[in-house]
Amino acid sequence: MAQSKKNQFIDPSKSPVFYGYVILVIGTIGVYCSIPGQTIGVSVFTDPVKDALGLSRNQFSNAYMIGTIISSLVIGRAGVWFDRYGARYVAFFATLTLVTTLFLCSWSSQMSEFIKNVLNNNTWWIPFLLMTCLFFLLRFAGQGVLTMASRNMIMIWFDKNRGKVNMFSSVALSFGFSSSPIWINTLIDTNGWEVTWRYFAIGLLIFSVLVFLFYKNKPEEHGLLPDGDNVQISTKEKNKVLAHKQFTLKEAMNTRSFWMYGLMLAFNSFFITGLTFHIVSIFASEGFPKADAISIFLPGSVVAVTVSTIFNWLSDRLPLKLFLYLMLLGGILASVGFLFLASPIGVPFLIAGFGIMGGFFAVLNAIAWPRFYGRDHLGAITGKVMSFLILASALAPSIFSLCFSTFDSYSLVGYIGLAFLVFLLLGSLKANNPQ
């Protein structure tokens with residue numbers, strides 16, 4: 001520990017304010033900087049990049065799906081790295097990996113042509129395989145490692161006030177993520193997709209310096225305690241703060257709560273990704289114009305931010321099992337609205353449902369794991385959960401599309417969703433806090 005503190009350019013113990021609040025700000029920025037690897041950040045590039053590479057929409061989407069699935073299979077390893085090496089180094093190297101990948105993405109057209117010339121082959125497989133590899137790196141480093149390391153770091157620095165700080169982080173990220181397609185699209189229109197990706201890379205390269213300087217691991221490594229309780233804290237209270245059982249990943253996976261909460265969060269990723277990806281087609285199949293389809297996201301975001309704000313604040317005082325059931329209720333509302341979209345209740349139920357799910361996702365995905373399983377193996381546990389979420393989001397567009405192409409309707413997705421939610425509803429009756 002002494003060697004670790006000696007190598008620190010910034011000493012948290014000498015901060016004029018509790019350093020956890022610095023962690024809150026820089027960690028939130030870290031999650032925001034993962035946008036180039038998130039679906040919302042990649043989707044804006046779809047049309048110009050696929051056209052430049054000569055790929056069809058299906059080919060480009062399949063490359064994205066395969067790269068995302070591969071990412072989900074290895075992201076658990078990054079969680080182990082987090083536990084072993086800490087947030088600082090894991091986030092730093094994830095950011096550098098994202099920087100390198102973005103530069104490569106900006107040169108993907110030239111790389112594809114070069115490989116075609118070397119192999120003397122003009123097949124579409126070359127840009128397809130190239131983008132599959134690049135999408136794997138984007139999703140792994142951005143959506144996976146940088147997001148996980150930044151969010152876990154915030155949660156480690158707080159305990160009693162975990163819900164309150166997550167409230168501020170969630171609200172800031174909700175507005176940041178929802179507005180990102182607008183300014184990304186403006187950059188692409190103004191500078192082109194290649195230069196826009198290079199701007200992202202340069203910005204992240206600068207951010208990597210901030211990661212190295214300001215990201216810190218556990219507060220105990222710097223003579224502090226979560227929530228800043230290091231100043232005037234009794235021995236009894238100190239032991240109480242640190243007395244939680246620290247579950248390993250294997251022990252966590254042997255509890256019912258791990259699976260019920262994890263599968264509910266994965267359902268949210270599946271439903272929201274599939275809905276977003278096919279929103280125009282879903283509404284068109286029920287006779288709605290494109291404008292009506294797009295218009296549901298703003299009120300849905302308002303519902304999500306409201307739910308996230310209120311229940312993050314209450315999460316420090318209420319059992320999370322209540323939140324799980326409310327999230328399940330949101331899923332049922334969304335599925336019913338999805339099934340009866342053309343009826344008067346369809347659109348309101350759908351908006352309320354996916355808004356409620358999104359709001360509780362922001363609460364449970366951050367707070368449940370450290371509260372239930374402690375902080376020592378948080379990386380491995382959240383890494384495994386992240387693999388569920390990434391896999392669900394990867395499969396959703398294809399499953400939605402398969403249902404429509406086979407049955408000329410999306411209804412089967414709604415019925416499957418309802419059946420799955422009923423299973424979770426019954427399975428969660430004994431999904432209590434393992435602590």
# chains A, B, ... in the order shown; residues from 1 in each chain; ligands from 1
call {"tool": "select_by_dssp", "arguments": {"residues": "range 234-423 of chain A", "states": "alpha helix (DSSP H)", "output": "VMD selection string"}}
result
chain A and resid 235 to 241 249 to 253 256 to 277 279 to 284 290 to 294 297 to 314 320 to 339 346 to 373 378 to 407 411 to 423
call {"tool": "residues_around", "arguments": {"residues": "Arg151 in chain A", "least_positions_apart": "6", "cutoff": "10 Å", "atoms": "only C-alpha atoms", "output": "number ranges by chain"}}
result
A: 23-24, 27-28, 30-31, 87, 145, 166, 169, 365-367, 382
call {"tool": "residues_around", "arguments": {"residues": "Gly79 in chain A", "least_positions_apart": "6", "cutoff": "7 Å", "atoms": "only C-alpha atoms", "output": "VMD selection string"}}
result
chain A and resid 379 to 380 382 to 383
call {"tool": "atom_distance", "arguments": {"atom1": "CA of Gly20 in chain A", "atom2": "CA of Pro226 in chain A"}}
result
7.7 Å
call {"tool": "residues_around", "arguments": {"residues": "Leu424 in chain A", "least_positions_apart": "3", "cutoff": "8 Å", "atoms": "only C-alpha atoms", "output": "list in words"}}
result
Met260, Leu263, Met264, Leu328, Phe420, Leu421, Gly427 and Ser428 of chain A
call {"tool": "closest_residue", "arguments": {"among": "A:Leu298, A:Ile310, A:Val49, A:Leu329", "to": "Gly192 in chain A", "atoms": "only C-alpha atoms"}}
result
A:Val49
call {"tool": "residues_around", "arguments": {"residues": "range 406-415 of chain A", "least_positions_apart": "4", "cutoff": "7 Å", "atoms": "only C-alpha atoms", "output": "list of chain:residue names"}}
result
A:Ile282, A:Ser335, A:Phe338, A:Leu339, A:Phe400, A:Leu402, A:Ala419
call {"tool": "closest_residue", "arguments": {"among": "A:Leu129, A:Ile29, A:Leu341, A:Ala94", "to": "Glu286 in chain A", "atoms": "only C-alpha atoms"}}
result
A:Leu341
call {"tool": "closest_residue", "arguments": {"among": "A:Ile35, A:Phe388, A:Asp316, A:Ser343", "to": "Asn161 in chain A", "atoms": "only C-alpha atoms"}}
result
A:Asp316
call {"tool": "closest_residue", "arguments": {"among": "A:Leu350, A:Leu395, A:Phe323, A:Ser401", "to": "Ala431 in chain A", "atoms": "only C-alpha atoms"}}
result
A:Phe323
call {"tool": "residues_around", "arguments": {"residues": "range 356-364 of chain A", "least_positions_apart": "2", "cutoff": "10 Å", "atoms": "only C-alpha atoms", "output": "VMD selection string"}}
result
chain A and resid 162 to 163 166 to 167 169 to 171 173 to 174 261 to 262 264 to 269 271 to 272 300 to 313 315 320 to 321 323 to 334 350 to 354 366 to 369
